[in-house]
Structures are given as C-alpha cells and as structure tokens.
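Text of query.txt (compact mmCIF, C-alpha atoms) as supplied:
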# COMPACT_ATOMS: atom_id res chain seq x y z
CA MET A 1 -20.24 7.71 -27.99
CA GLN A 2 -16.87 7.97 -26.23
CA LEU A 3 -17.31 9.66 -22.87
CA VAL A 4 -13.97 8.76 -21.27
CA THR A 5 -10.40 8.43 -22.51
CA SER A 6 -8.97 5.12 -23.67
CA ALA A 7 -6.38 5.31 -20.88
CA ILE A 8 -9.07 5.49 -18.22
CA LYS A 9 -11.01 2.69 -19.93
CA ASN A 10 -7.91 0.53 -19.72
CA SER A 11 -7.42 1.48 -16.08
CA MET A 12 -11.03 0.60 -15.30
CA ALA A 13 -10.56 -2.78 -16.94
CA SER A 14 -7.37 -3.58 -15.02
CA SER A 15 -9.00 -2.79 -11.66
CA SER A 16 -12.29 -4.49 -12.47
CA TRP A 17 -11.59 -7.64 -10.43
CA ILE A 18 -11.43 -5.79 -7.13
CA ARG A 19 -14.52 -3.78 -8.07
CA LYS A 20 -16.29 -6.94 -9.22
CA MET A 21 -15.67 -8.73 -5.93
CA PHE A 22 -16.79 -5.71 -3.93
CA GLU A 23 -20.05 -5.52 -5.87
CA LYS A 24 -20.54 -9.28 -5.67
CA GLY A 25 -20.07 -9.09 -1.92
CA LEU A 26 -22.85 -6.54 -1.59
CA GLU A 27 -25.10 -8.76 -3.69
CA LEU A 28 -24.40 -11.87 -1.59
CA LYS A 29 -24.90 -10.02 1.67
CA ARG A 30 -28.30 -8.78 0.52
CA GLU A 31 -29.31 -12.27 -0.57
CA PHE A 32 -27.95 -14.40 2.26
CA GLY A 33 -27.38 -11.92 5.10
CA GLU A 34 -24.10 -10.32 6.07
CA GLU A 35 -23.49 -12.92 8.77
CA ASN A 36 -23.49 -15.71 6.13
CA VAL A 37 -20.88 -14.19 3.83
CA CYS A 38 -17.12 -14.44 4.39
CA ASP A 39 -15.65 -11.40 2.65
CA PHE A 40 -11.85 -11.41 2.37
CA SER A 41 -11.76 -9.10 -0.66
CA LEU A 42 -11.01 -5.65 0.78
CA GLY A 43 -8.13 -4.36 2.89
CA ASN A 44 -10.32 -2.06 4.98
CA PRO A 45 -8.71 -1.87 8.47
CA ASP A 46 -11.38 -2.78 11.01
CA VAL A 47 -9.38 -2.87 14.26
CA PRO A 48 -10.34 0.11 16.47
CA PRO A 49 -7.96 3.09 16.56
CA PRO A 50 -5.67 3.35 19.62
CA ALA A 51 -7.53 4.04 22.86
CA GLU A 52 -5.96 7.49 23.19
CA THR A 53 -7.75 8.57 19.99
CA TYR A 54 -10.86 9.41 22.03
CA GLU A 55 -9.06 11.90 24.27
CA ALA A 56 -7.19 13.33 21.29
CA LEU A 57 -10.47 13.99 19.47
CA LEU A 58 -11.92 15.72 22.51
CA GLU A 59 -8.87 17.95 22.74
CA ILE A 60 -9.05 18.74 19.02
CA ALA A 61 -12.76 19.58 19.33
CA ASN A 62 -11.90 22.44 21.67
CA THR A 63 -9.60 24.03 19.09
CA VAL A 64 -11.43 23.58 15.79
CA VAL A 65 -14.38 25.74 16.88
CA LYS A 66 -12.08 28.77 16.98
CA PRO A 67 -11.71 31.04 13.93
CA LEU A 68 -9.94 29.18 11.10
CA GLY A 69 -9.87 26.06 13.26
CA LEU A 70 -10.97 24.11 10.20
CA GLY A 71 -9.63 26.53 7.61
CA TYR A 72 -6.92 26.13 4.99
CA CYS A 73 -3.48 25.25 6.27
CA PRO A 74 -0.11 25.39 4.47
CA ASN A 75 -0.15 23.10 1.44
CA ALA A 76 2.67 21.00 2.88
CA GLY A 77 0.73 20.48 6.10
CA ILE A 78 0.34 21.96 9.57
CA PRO A 79 3.86 22.86 10.83
CA ALA A 80 3.36 21.10 14.17
CA THR A 81 2.19 17.93 12.41
CA ARG A 82 5.16 18.02 10.04
CA GLN A 83 7.53 18.41 12.98
CA ALA A 84 5.92 15.49 14.82
CA LEU A 85 6.27 13.42 11.67
CA ALA A 86 9.89 14.49 11.21
CA ASN A 87 10.69 13.44 14.79
CA HIS A 88 8.99 10.07 14.28
CA LEU A 89 10.56 9.39 10.89
CA SER A 90 14.03 10.42 12.05
CA LYS A 91 13.98 7.42 14.41
CA GLU A 92 12.20 5.06 12.03
CA GLN A 93 14.39 5.89 9.03
CA GLU A 94 17.60 6.44 11.02
CA THR A 95 18.02 9.76 9.20
CA ALA A 96 18.00 13.26 10.69
CA LEU A 97 14.90 15.07 9.39
CA ASN A 98 13.12 18.33 10.12
CA LYS A 99 9.64 19.54 9.28
CA ASP A 100 10.77 21.12 6.02
CA ASP A 101 11.69 17.64 4.74
CA VAL A 102 8.12 16.33 5.13
CA VAL A 103 5.03 16.96 3.00
CA VAL A 104 1.70 15.84 4.47
CA CYS A 105 -0.51 14.47 1.71
CA VAL A 106 -3.94 12.94 1.19
CA GLY A 107 -2.93 9.40 2.03
CA ALA A 108 0.08 7.54 0.65
CA ALA A 109 -1.83 7.37 -2.63
CA GLY A 110 -2.07 11.16 -2.80
CA ALA A 111 1.61 11.41 -1.98
CA LEU A 112 2.55 9.07 -4.83
CA VAL A 113 0.28 10.83 -7.32
CA SER A 114 1.70 14.23 -6.30
CA PHE A 115 5.24 12.88 -6.66
CA PHE A 116 4.61 11.40 -10.11
CA ARG A 117 3.03 14.65 -11.26
CA ALA A 118 6.22 16.41 -10.21
CA VAL A 119 8.72 14.06 -11.90
CA ILE A 120 7.06 12.09 -14.72
CA GLU A 121 7.30 13.15 -18.36
CA PRO A 122 5.22 11.36 -21.02
CA GLY A 123 6.91 8.08 -21.91
CA ASP A 124 8.81 7.72 -18.64
CA GLU A 125 8.78 4.24 -17.11
CA VAL A 126 8.33 3.09 -13.52
CA ILE A 127 9.38 -0.44 -12.55
CA THR A 128 7.71 -2.45 -9.79
CA PRO A 129 7.91 -6.09 -8.68
CA ALA A 130 4.78 -8.14 -9.44
CA PRO A 131 2.38 -8.87 -7.87
CA TYR A 132 1.74 -5.22 -7.11
CA PHE A 133 -0.95 -2.84 -5.90
CA VAL A 134 -2.98 -2.46 -9.07
CA GLU A 135 -3.47 1.31 -8.86
CA TYR A 136 0.23 1.99 -9.37
CA GLY A 137 -0.47 1.78 -13.08
CA ALA A 138 -3.05 4.55 -12.85
CA TYR A 139 -0.88 6.75 -10.64
CA VAL A 140 1.89 6.63 -13.24
CA GLY A 141 -0.36 6.61 -16.29
CA HIS A 142 -2.22 9.78 -15.35
CA PHE A 143 0.84 11.75 -16.46
CA GLY A 144 1.83 9.72 -19.51
CA GLY A 145 4.10 7.31 -17.65
CA VAL A 146 4.23 3.55 -18.15
CA LEU A 147 4.32 0.95 -15.36
CA LYS A 148 6.62 -2.03 -16.04
CA ALA A 149 6.08 -5.06 -13.82
CA VAL A 150 8.87 -7.55 -13.16
CA LYS A 151 7.63 -10.87 -11.81
CA SER A 152 8.92 -11.71 -8.33
CA LEU A 153 10.53 -15.02 -7.47
CA THR A 154 8.24 -17.69 -6.07
CA PRO A 155 7.41 -18.98 -3.56
CA SER A 156 9.04 -16.21 -1.46
CA PHE A 157 7.93 -13.29 -3.68
CA LYS A 158 11.39 -11.81 -3.31
CA PRO A 159 12.06 -9.21 -6.04
CA ASP A 160 13.90 -10.53 -9.08
CA ILE A 161 16.97 -8.27 -8.87
CA ASP A 162 18.41 -9.38 -12.22
CA GLY A 163 15.00 -8.91 -13.82
CA ILE A 164 14.70 -5.40 -12.40
CA LYS A 165 18.20 -4.50 -13.62
CA SER A 166 17.41 -5.82 -17.10
CA ALA A 167 14.15 -3.83 -17.22
CA ILE A 168 15.91 -0.48 -16.72
CA THR A 169 16.12 1.67 -19.84
CA PRO A 170 17.04 5.33 -20.43
CA LYS A 171 13.32 6.05 -19.92
CA THR A 172 13.17 4.49 -16.44
CA ARG A 173 12.38 7.21 -13.93
CA ALA A 174 11.68 5.23 -10.77
CA ILE A 175 11.58 1.83 -9.12
CA ILE A 176 8.78 1.44 -6.59
CA LEU A 177 8.97 -1.14 -3.79
CA ASN A 178 6.11 -1.98 -1.44
CA SER A 179 7.29 -3.74 1.72
CA PRO A 180 5.55 -5.15 3.70
CA ASN A 181 3.80 -6.02 0.49
CA ASN A 182 0.20 -5.83 -0.64
CA PRO A 183 -0.86 -8.43 -1.80
CA THR A 184 1.78 -11.01 -0.72
CA GLY A 185 2.68 -10.01 2.84
CA ALA A 186 6.36 -10.39 1.87
CA VAL A 187 8.97 -8.27 3.66
CA TYR A 188 12.07 -7.44 1.64
CA ASP A 189 15.28 -8.09 3.58
CA GLU A 190 18.03 -5.49 3.88
CA GLN A 191 20.42 -7.28 1.54
CA THR A 192 17.82 -7.30 -1.24
CA LEU A 193 17.14 -3.61 -0.76
CA ARG A 194 20.85 -2.78 -0.74
CA GLU A 195 21.36 -4.62 -4.02
CA ILE A 196 18.52 -2.70 -5.69
CA ALA A 197 19.80 0.58 -4.23
CA SER A 198 23.25 -0.21 -5.59
CA ILE A 199 21.75 -0.61 -9.08
CA VAL A 200 20.07 2.79 -8.70
CA ASP A 201 23.34 4.45 -7.66
CA GLU A 202 25.20 2.84 -10.56
CA VAL A 203 22.61 4.09 -13.06
CA ASN A 204 22.64 7.59 -11.61
CA ILE A 205 26.36 8.08 -12.18
CA THR A 206 25.57 8.88 -15.80
CA ARG A 207 22.14 10.50 -15.34
CA ASP A 208 21.05 14.12 -15.47
CA ARG A 209 17.47 13.08 -14.63
CA PRO A 210 17.98 10.67 -11.75
CA LEU A 211 16.43 7.27 -11.25
CA PHE A 212 14.45 7.38 -7.98
CA LEU A 213 14.03 4.48 -5.57
CA LEU A 214 10.57 4.76 -4.03
CA PHE A 215 9.39 2.97 -0.89
CA ASP A 216 5.62 2.67 -0.43
CA GLU A 217 5.28 1.86 3.28
CA PRO A 218 1.68 2.04 4.57
CA TYR A 219 2.17 -1.36 6.28
CA ARG A 220 5.57 -0.65 7.87
CA ALA A 221 4.29 -1.33 11.41
CA PHE A 222 2.79 -4.69 10.40
CA ALA A 223 5.71 -7.11 10.80
CA TYR A 224 5.50 -10.43 12.61
CA ASP A 225 7.67 -13.10 14.19
CA GLY A 226 10.41 -10.64 15.05
CA VAL A 227 10.93 -9.50 11.45
CA LYS A 228 12.56 -6.09 11.17
CA ILE A 229 11.76 -3.55 8.45
CA PRO A 230 15.05 -1.94 7.33
CA PRO A 231 15.16 1.87 7.13
CA ALA A 232 14.82 2.97 3.52
CA LEU A 233 16.24 6.48 3.33
CA PRO A 234 19.88 5.58 4.12
CA LEU A 235 20.03 3.07 1.24
CA THR A 236 20.62 5.68 -1.46
CA LYS A 237 20.62 9.47 -1.84
CA PHE A 238 17.78 9.00 -4.32
CA ALA A 239 15.41 7.26 -1.90
CA CYS A 240 11.91 8.60 -1.24
CA VAL A 241 9.46 7.23 1.32
CA PHE A 242 5.66 7.36 1.14
CA GLY A 243 3.53 6.32 4.10
CA SER A 244 0.17 6.73 5.71
CA PHE A 245 -1.77 6.19 8.92
CA SER A 246 -4.75 4.45 7.33
CA LYS A 247 -3.64 1.07 8.67
CA THR A 248 -1.39 1.83 11.64
CA LEU A 249 -4.00 4.05 13.32
CA SER A 250 -7.14 2.75 11.52
CA LEU A 251 -7.66 6.24 10.09
CA ALA A 252 -8.28 5.21 6.48
CA GLY A 253 -11.18 7.64 6.09
CA GLU A 254 -9.12 10.61 7.28
CA ARG A 255 -6.64 10.18 4.38
CA ILE A 256 -3.39 11.25 6.01
CA GLY A 257 -0.13 10.30 4.34
CA TYR A 258 3.30 11.80 3.77
CA PHE A 259 6.22 12.15 1.39
CA VAL A 260 9.84 12.48 2.47
CA ALA A 261 13.06 12.29 0.45
CA ASN A 262 16.61 11.61 1.60
CA PRO A 263 17.89 15.06 2.62
CA GLN A 264 21.23 14.20 0.98
CA MET A 265 19.64 14.06 -2.47
CA PRO A 266 21.06 16.77 -4.76
CA ASP A 267 18.68 19.74 -4.96
CA VAL A 268 16.22 17.92 -2.69
CA LYS A 269 14.56 21.19 -1.67
CA SER A 270 13.27 21.74 -5.20
CA LEU A 271 11.73 18.24 -5.22
CA THR A 272 9.97 18.82 -1.89
CA GLN A 273 8.69 22.17 -3.11
CA ALA A 274 7.48 20.57 -6.34
CA VAL A 275 5.51 17.91 -4.45
CA THR A 276 4.04 20.65 -2.24
CA LEU A 277 2.92 22.46 -5.39
CA THR A 278 1.42 19.40 -7.08
CA ASN A 279 -0.29 18.45 -3.81
CA ARG A 280 -2.17 21.73 -4.23
CA THR A 281 -2.67 21.91 -7.99
CA LEU A 282 -4.00 18.35 -8.31
CA GLY A 283 -6.89 19.57 -6.19
CA PHE A 284 -5.88 18.07 -2.86
CA VAL A 285 -4.95 21.60 -1.57
CA ASN A 286 -4.05 20.23 1.86
CA ALA A 287 -4.58 17.04 3.80
CA PRO A 288 -7.65 16.94 6.14
CA VAL A 289 -6.98 19.16 9.13
CA ILE A 290 -8.61 16.99 11.80
CA GLY A 291 -6.66 13.99 10.56
CA GLN A 292 -3.42 15.97 10.67
CA LYS A 293 -4.08 17.02 14.24
CA LEU A 294 -4.82 13.42 15.20
CA VAL A 295 -1.57 12.21 13.65
CA GLU A 296 0.36 14.92 15.49
CA LYS A 297 -0.89 13.49 18.78
CA LEU A 298 -0.83 9.78 17.90
CA VAL A 299 2.16 9.50 15.55
CA ASP A 300 4.05 7.08 17.83
CA SER A 301 1.01 4.88 18.51
CA THR A 302 -0.42 1.90 16.61
CA VAL A 303 -3.55 -0.18 16.65
CA ASP A 304 -3.40 -3.50 18.51
CA LEU A 305 -1.18 -5.45 16.11
CA GLU A 306 -1.68 -8.66 18.10
CA ILE A 307 -5.22 -8.82 16.70
CA TYR A 308 -3.89 -8.96 13.15
CA ASP A 309 -1.27 -11.53 14.14
CA ARG A 310 -3.93 -13.83 15.64
CA ARG A 311 -5.96 -13.55 12.46
CA ARG A 312 -2.87 -14.31 10.36
CA LYS A 313 -2.22 -17.52 12.28
CA LEU A 314 -5.88 -18.55 12.17
CA MET A 315 -6.07 -17.90 8.42
CA ALA A 316 -2.95 -20.02 7.93
CA LYS A 317 -4.63 -22.86 9.83
CA VAL A 318 -7.79 -22.64 7.70
CA LEU A 319 -5.87 -22.62 4.41
CA THR A 320 -3.57 -25.45 5.49
CA GLU A 321 -6.49 -27.68 6.49
CA ALA A 322 -8.15 -26.95 3.14
CA GLY A 323 -5.02 -28.05 1.29
CA ILE A 324 -4.22 -24.62 -0.13
CA GLU A 325 -0.54 -23.76 -0.60
CA PHE A 326 0.81 -20.40 0.59
CA GLU A 327 3.92 -18.62 1.80
CA MET A 328 3.36 -17.43 5.38
CA PRO A 329 3.13 -13.62 5.22
CA LYS A 330 5.76 -11.84 7.29
CA GLY A 331 3.97 -8.49 7.22
CA ALA A 332 0.85 -6.51 6.25
CA PHE A 333 -2.48 -8.36 6.64
CA TYR A 334 -2.88 -10.33 3.42
CA PHE A 335 -2.36 -13.87 2.15
CA PHE A 336 -1.41 -14.51 -1.46
CA ALA A 337 -2.25 -18.19 -1.74
CA LYS A 338 -1.75 -20.52 -4.69
CA SER A 339 -4.88 -21.51 -6.57
CA PRO A 340 -5.38 -25.31 -6.68
CA VAL A 341 -6.11 -24.91 -10.42
CA GLU A 342 -4.24 -22.90 -13.02
CA ASP A 343 -7.08 -20.45 -13.64
CA ASP A 344 -7.36 -18.37 -10.45
CA ALA A 345 -10.69 -16.89 -11.61
CA GLU A 346 -12.12 -20.41 -11.73
CA PHE A 347 -11.15 -20.96 -8.10
CA VAL A 348 -12.62 -17.57 -7.16
CA ASP A 349 -15.93 -18.70 -8.70
CA ALA A 350 -15.79 -21.95 -6.73
CA LEU A 351 -15.33 -19.98 -3.52
CA LEU A 352 -18.21 -17.67 -4.44
CA LYS A 353 -20.49 -20.72 -4.40
CA GLU A 354 -19.52 -21.03 -0.74
CA ASN A 355 -20.21 -17.30 -0.12
CA ILE A 356 -16.47 -16.68 0.24
CA LEU A 357 -15.05 -13.61 -1.51
CA VAL A 358 -11.39 -13.30 -2.48
CA VAL A 359 -9.59 -11.47 -5.31
CA PRO A 360 -7.85 -13.37 -8.12
CA GLY A 361 -4.12 -12.88 -8.48
CA LYS A 362 -4.55 -11.60 -12.04
CA GLY A 363 -6.02 -8.47 -10.40
CA PHE A 364 -2.49 -7.83 -9.07
CA GLY A 365 -0.59 -8.77 -12.20
CA PHE A 366 0.20 -12.33 -11.07
CA GLU A 367 -2.04 -15.17 -12.23
CA GLY A 368 -2.52 -18.49 -10.48
CA TYR A 369 -3.00 -17.05 -6.98
CA ILE A 370 -5.71 -15.47 -4.84
CA ARG A 371 -5.48 -12.63 -2.34
CA LEU A 372 -7.23 -12.73 1.01
CA SER A 373 -7.41 -9.83 3.44
CA CYS A 374 -7.27 -10.57 7.16
CA SER A 375 -8.95 -7.30 8.10
CA VAL A 376 -11.99 -9.30 9.21
CA ASP A 377 -13.18 -10.72 12.52
CA GLU A 378 -11.77 -14.07 13.67
CA LYS A 379 -15.29 -15.53 13.69
CA ILE A 380 -15.52 -14.93 9.94
CA ILE A 381 -12.20 -16.70 9.36
CA GLU A 382 -13.36 -19.67 11.46
CA ARG A 383 -16.72 -19.77 9.71
CA SER A 384 -15.03 -19.91 6.30
CA ALA A 385 -13.10 -23.13 6.99
CA PRO A 386 -15.71 -25.68 5.75
CA GLY A 387 -16.37 -23.58 2.65
CA PHE A 388 -12.68 -23.47 1.69
CA LYS A 389 -12.48 -27.26 2.06
CA ARG A 390 -15.58 -27.86 -0.04
CA ALA A 391 -14.42 -25.46 -2.76
CA VAL A 392 -11.02 -27.16 -3.02
CA GLU A 393 -12.56 -30.63 -3.11
CA ARG A 394 -15.10 -29.61 -5.76
CA ILE A 395 -12.60 -27.92 -8.07
CA ARG A 396 -10.08 -30.76 -7.84
CA SER A 397 -12.71 -33.35 -8.62

Could you write out this file's structure as structure tokens?
Amino acid sequence: MQLVTSAIKNSMASSSWIRKMFEKGLELKREFGEENVCDFSLGNPDVPPPAETYEALLEIANTVVKPLGLGYCPNAGIPATRQALANHLSKEQETALNKDDVVVCVGAAGALVSFFRAVIEPGDEVITPAPYFVEYGAYVGHFGGVLKAVKSLTPSFKPDIDGIKSAITPKTRAIILNSPNNPTGAVYDEQTLREIASIVDEVNITRDRPLFLLFDEPYRAFAYDGVKIPPALPLTKFACVFGSFSKTLSLAGERIGYFVANPQMPDVKSLTQAVTLTNRTLGFVNAPVIGQKLVEKLVDSTVDLEIYDRRRKLMAKVLTEAGIEFEMPKGAFYFFAKSPVEDDAEFVDALLKENILVVPGKGFGFEGYIRLSCSVDEKIIERSAPGFKRAVERIRS
C-alpha cells in the first residue's frame, strides 16, 4: 500500500542519516545517561540569547495582551520589523534597502521554500556546491525542480567554479551558495563569489527567465580569525539573500527568517510580491509575531560568539590529537573532518561504540568525511577526546 509519493520516499531516504543519528542519540542517552554521551550530530544552537532578550520579552508582553496583539499581521511581516531589518541589511549588504524590499518568513528555510514556489517550474534545475545542506533537494523538489550538486575542491571546500559553469543548462534556474557553510565551515572569498556572479551575468544576457544567484546566510555572523563575509547583493542584479536569526540570536524555535533581492533586479517588485504570496499560500501565512517583535528589538545583537570560537579551537585540538585530518573551519559551528577509512559510515559506527555521535559525509552529498557540530558544551568536547582516539586506533588496526 503506497501512502506517500515516491518523491517524498526518496527525500526521506536521503535525509535518513541525520534522522538515524538523532534517534540513535536518544537511545544511547536512555541506556547510558545523557552525561555519558557525546552528541555532535545536531546543529541546535545552545548558547543563551543576548542578555537584552529578557527586557525585550518583558516589553513585548505588555503589548501582546492588547486586542490583536497576537493576531494576523501583513503576510510580508510587521512593517516595523521589516524596516528594522532593512536598516540592518542596508549596512550588512552595502545596499540601500527599505521595508518594501524585505519579506519576513518562517526561518531561512521557509524563505527558500517560498522563493522556489514562486520561481520553479517542473524540470528546472538548481545548482549547489557539495557538500550541502541536505534539505535543499527537498525545497527544490517539492515543486518539480531538480538539485544538481557540484563537488567542491578539497581540502579547502572552495566551490569548483569551472564545474559550476559546466553544470549550467537552459533549465538551470538558480545557483545556491551557503557561506559560512554547513557542513564544512568554509567561507567563500570575494573573488570566488565575483567569478560565480560573473557567470550568472553572462548567462542572463540571453535569458528571458533569469538565472538567480542565491545566498543562504544563516551563519553570516559566525566568522573567525578576522575573516570577513563579503556583501552578496552588490555582486549581481540577480542576487537574492536568505537569512535567519535561529543561530545569531539563538531563536531557532521562533522561526524568523527573511528574503531580500537586489533592488536593481528588473521587475524586482513582482518577485517580492510573489514571495509574499507564496509565504501565505504555502500555509505559513506570516512569521511568528513574538519572534518578529524580538528581532525588531535585537536585530543588531548577536549571541556570545566567543563561546563558539572557544569550542572550535577545543574541537580542533581533540581531532588533531586523535589523528583525524580536517580543514580548520573559518565560519559557522561545524567541522567536516576526513574519515580515517574510506567508508565514512564505518567510522561513524566505530564512534558510536564510544558513545560519540556524528553524521557521515554521505548525508551531505560528500562521502569520506564526517560532520561534527560544536553547538555543545566544552565539557562534552573534552570528554570525547579519549573516545575519538580509541575509535581511530581501532578502525586503523
């Protein structure tokens, strides 16, 4: 009996590794106690929100008890929140924006899904460097699109520009870049971005349906060692930016994200209106009101990024001492480390015997590696060190 579509079955299969590790983590914690399990599988931001969040919530509490305080708001978001976002993004993206340029969505994921609903026709293709956030395939596939992954260059995980150019066909509708990157922690330099943007502009000379260059930026604030994240919107008229406050403000449960396109894009108003419509008709209706009000007040704040940087350095020490190869992440809060054996799933199983949970690289379209999230306490990272060593020694022997 077939209860679900074949497309969803395929999507479930492709995301099964992350789900498998999550479920295995629950099982291990029940059996051995949460304090005896080192779970690096999920990117769930655990650093407390900025201190001013408390006062902001108190202030919001005095307004939401009024009539319609928690009622529907415009589908594109509360005007004051959109204006606060426009002010913030104007500086960050070095592009003059106003509130009408911004659509507040249900997380960056909701923004991407709403965008793809607005622009994807069945058979359209979306290119992304691999490894990539696995749910991109579902976001595109929901509307008959096809995700095409182009393997990045190792060990830096810099996008393969020639590979991306070769992958473009008349069906290619968008290229999506995620920098700082999940799962690698790579940050794409400005020259790389300019070269990809130049390809987009060259293609669009002959296009009626443009090729979009999409920037998925939920980790924009997470850059280390003085690394700068280049502004995306000025790179091409066909640039669109998607972001969220799940990580920067530790508001993952409030699901607040945004969409903004380069205001110089031809007929950009119709695209913004289309995303506003799909934001509603996909069932999101509008982003959570309390979350929007929080973002309005905290948009220029971040969590304590030094905490994540300390964890990054400690995780590097643990992996180095265990003899595991990796490229030091320049952003986000993940490591994408090389498996000491060809089969990354085999190494994941060896780590499970030490009550250490990671996700195999094949779950991100790139075999032979493992992903570790540093959104865990430093004590857990320290506690994992002997287990990593034992797992490496056992699998090599």

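Here atom CA of Asn62 of chain A stands at a distance of 26.3 Å from atom CA of Lys247 of chain A.
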
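With only C-alpha atoms as the atoms that count, the minimum distance from Val47 of chain A to the choices A:Asn98, A:Asn87, A:Ser246, A:Thr206 is reached by A:Ser246.
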
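Our summary of the geometry notes that atom CA of Phe335 of chain A is positioned 9.8 Å from atom CA of Phe40 of chain A.
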
| task | State, in Å with one decimal place, the distance from atom CA of Ala350 of chain A to atom CA of Cys38 of chain A. | result | 13.5 Å

| Can you list, as a VMD selection string, every protein, DNA or RNA residue that comes within 9 Å of Gly137 of chain A when you count only C-alpha atoms, leaving out same-chain residues fewer than 5 positions away? | chain A and resid 11 14 126 142 145 to 148

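Proximity to Tyr334 of chain A was assessed for A:Cys73, A:Val376, A:Leu282, A:Ala174 counting only C-alpha atoms; the smallest distance is recorded for A:Val376.
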
| said: So that I can see what lies close to Leu28 of chain A, please list as an NGL selection string the residues with an atom at most 12 Å from it, counting all atoms listed in the file and leaving out residues fewer than 3 positions away in the same chain. | reply: :A and (21-25 or 31-39 or 352-357)

Each segment 234-294 of chain A residue no farther than 10 Å from segment 299-320 of chain A, nearest pair in Å, all atoms listed in the file, as JSON lines:
{"residue": "A:Phe245", "atom": "CA", "partner": "A:Val299", "partner_atom": "CA", "distance": 8.4}
{"residue": "A:Lys247", "atom": "CA", "partner": "A:Val303", "partner_atom": "CA", "distance": 8.1}
{"residue": "A:Thr248", "atom": "CA", "partner": "A:Thr302", "partner_atom": "CA", "distance": 5.1}
{"residue": "A:Leu249", "atom": "CA", "partner": "A:Thr302", "partner_atom": "CA", "distance": 5.3}
{"residue": "A:Ser250", "atom": "CA", "partner": "A:Val303", "partner_atom": "CA", "distance": 6.9}
{"residue": "A:Gln292", "atom": "CA", "partner": "A:Val299", "partner_atom": "CA", "distance": 9.8}
{"residue": "A:Lys293", "atom": "CA", "partner": "A:Val299", "partner_atom": "CA", "distance": 9.9}
{"residue": "A:Leu294", "atom": "CA", "partner": "A:Val299", "partner_atom": "CA", "distance": 8.0}

| Which is closest to Asp160 of chain A among A:Ile196, A:Val140, A:Ala391, A:Val187, if we use all atoms listed in the file? | A:Ile196

Provide segment 111-180 of chain A of the preceding structure as a file containing C-alpha atoms, as an mmCIF file, in the first residue's frame.
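Output file part-v7.cif is given in full below:
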data_model
loop_
_atom_site.group_PDB
_atom_site.id
_atom_site.type_symbol
_atom_site.label_atom_id
_atom_site.label_comp_id
_atom_site.auth_asym_id
_atom_site.auth_seq_id
_atom_site.Cartn_x
_atom_site.Cartn_y
_atom_site.Cartn_z
ATOM 1 C CA ALA A 111 12.078 31.844 2.802
ATOM 2 C CA LEU A 112 13.803 29.443 0.404
ATOM 3 C CA VAL A 113 10.711 27.269 0.013
ATOM 4 C CA SER A 114 8.545 30.337 -0.644
ATOM 5 C CA PHE A 115 11.067 31.591 -3.208
ATOM 6 C CA PHE A 116 11.252 28.263 -5.042
ATOM 7 C CA ARG A 117 7.463 28.056 -5.136
ATOM 8 C CA ALA A 118 7.460 31.459 -6.813
ATOM 9 C CA VAL A 119 10.110 30.753 -9.486
ATOM 10 C CA ILE A 120 10.464 26.994 -10.097
ATOM 11 C CA GLU A 121 8.719 25.232 -12.965
ATOM 12 C CA PRO A 122 8.787 21.414 -13.197
ATOM 13 C CA GLY A 123 12.124 20.327 -14.621
ATOM 14 C CA ASP A 124 14.029 23.449 -13.585
ATOM 15 C CA GLU A 125 17.469 22.835 -12.080
ATOM 16 C CA VAL A 126 19.204 24.398 -9.088
ATOM 17 C CA ILE A 127 22.980 24.038 -8.725
ATOM 18 C CA THR A 128 24.768 23.931 -5.374
ATOM 19 C CA PRO A 129 28.333 23.111 -4.301
ATOM 20 C CA ALA A 130 28.684 19.810 -2.431
ATOM 21 C CA PRO A 131 28.753 19.079 0.432
ATOM 22 C CA TYR A 132 25.474 20.881 1.003
ATOM 23 C CA PHE A 133 22.603 21.165 3.454
ATOM 24 C CA VAL A 134 20.652 18.051 2.577
ATOM 25 C CA GLU A 135 17.188 19.629 2.630
ATOM 26 C CA TYR A 136 17.956 21.815 -0.387
ATOM 27 C CA GLY A 137 16.920 18.849 -2.504
ATOM 28 C CA ALA A 138 13.507 18.749 -0.865
ATOM 29 C CA TYR A 139 13.000 22.508 -1.062
ATOM 30 C CA VAL A 140 13.563 22.387 -4.819
ATOM 31 C CA GLY A 141 11.912 19.030 -5.413
ATOM 32 C CA HIS A 142 8.601 19.999 -3.817
ATOM 33 C CA PHE A 143 7.822 21.994 -6.962
ATOM 34 C CA GLY A 144 9.246 19.638 -9.580
ATOM 35 C CA GLY A 145 12.745 21.105 -9.557
ATOM 36 C CA VAL A 146 15.986 19.119 -9.576
ATOM 37 C CA LEU A 147 19.005 19.813 -7.356
ATOM 38 C CA LYS A 148 22.384 19.366 -9.098
ATOM 39 C CA ALA A 149 25.391 19.112 -6.801
ATOM 40 C CA VAL A 150 28.875 20.063 -7.985
ATOM 41 C CA LYS A 151 31.642 18.684 -5.779
ATOM 42 C CA SER A 152 33.772 21.357 -4.117
ATOM 43 C CA LEU A 153 37.550 21.352 -4.240
ATOM 44 C CA THR A 154 39.331 19.687 -1.342
ATOM 45 C CA PRO A 155 40.760 20.257 1.162
ATOM 46 C CA SER A 156 39.514 23.881 1.200
ATOM 47 C CA PHE A 157 35.935 23.110 0.055
ATOM 48 C CA LYS A 158 36.114 26.088 -2.259
ATOM 49 C CA PRO A 159 33.414 25.885 -4.959
ATOM 50 C CA ASP A 160 34.554 24.371 -8.246
ATOM 51 C CA ILE A 161 33.848 27.369 -10.493
ATOM 52 C CA ASP A 162 34.565 25.509 -13.742
ATOM 53 C CA GLY A 163 32.368 22.646 -12.558
ATOM 54 C CA ILE A 164 29.517 25.021 -11.754
ATOM 55 C CA LYS A 165 29.829 26.706 -15.155
ATOM 56 C CA SER A 166 29.794 23.340 -16.921
ATOM 57 C CA ALA A 167 26.707 22.236 -14.969
ATOM 58 C CA ILE A 168 24.585 25.157 -16.220
ATOM 59 C CA THR A 169 21.997 24.219 -18.824
ATOM 60 C CA PRO A 170 18.995 26.057 -20.308
ATOM 61 C CA LYS A 171 16.994 24.517 -17.440
ATOM 62 C CA THR A 172 19.180 25.998 -14.691
ATOM 63 C CA ARG A 173 17.096 28.434 -12.675
ATOM 64 C CA ALA A 174 19.360 29.191 -9.716
ATOM 65 C CA ILE A 175 22.729 28.647 -8.087
ATOM 66 C CA ILE A 176 22.584 28.475 -4.299
ATOM 67 C CA LEU A 177 25.634 29.248 -2.149
ATOM 68 C CA ASN A 178 25.812 28.709 1.606
ATOM 69 C CA SER A 179 28.630 30.680 3.220
ATOM 70 C CA PRO A 180 29.666 30.301 6.005
#
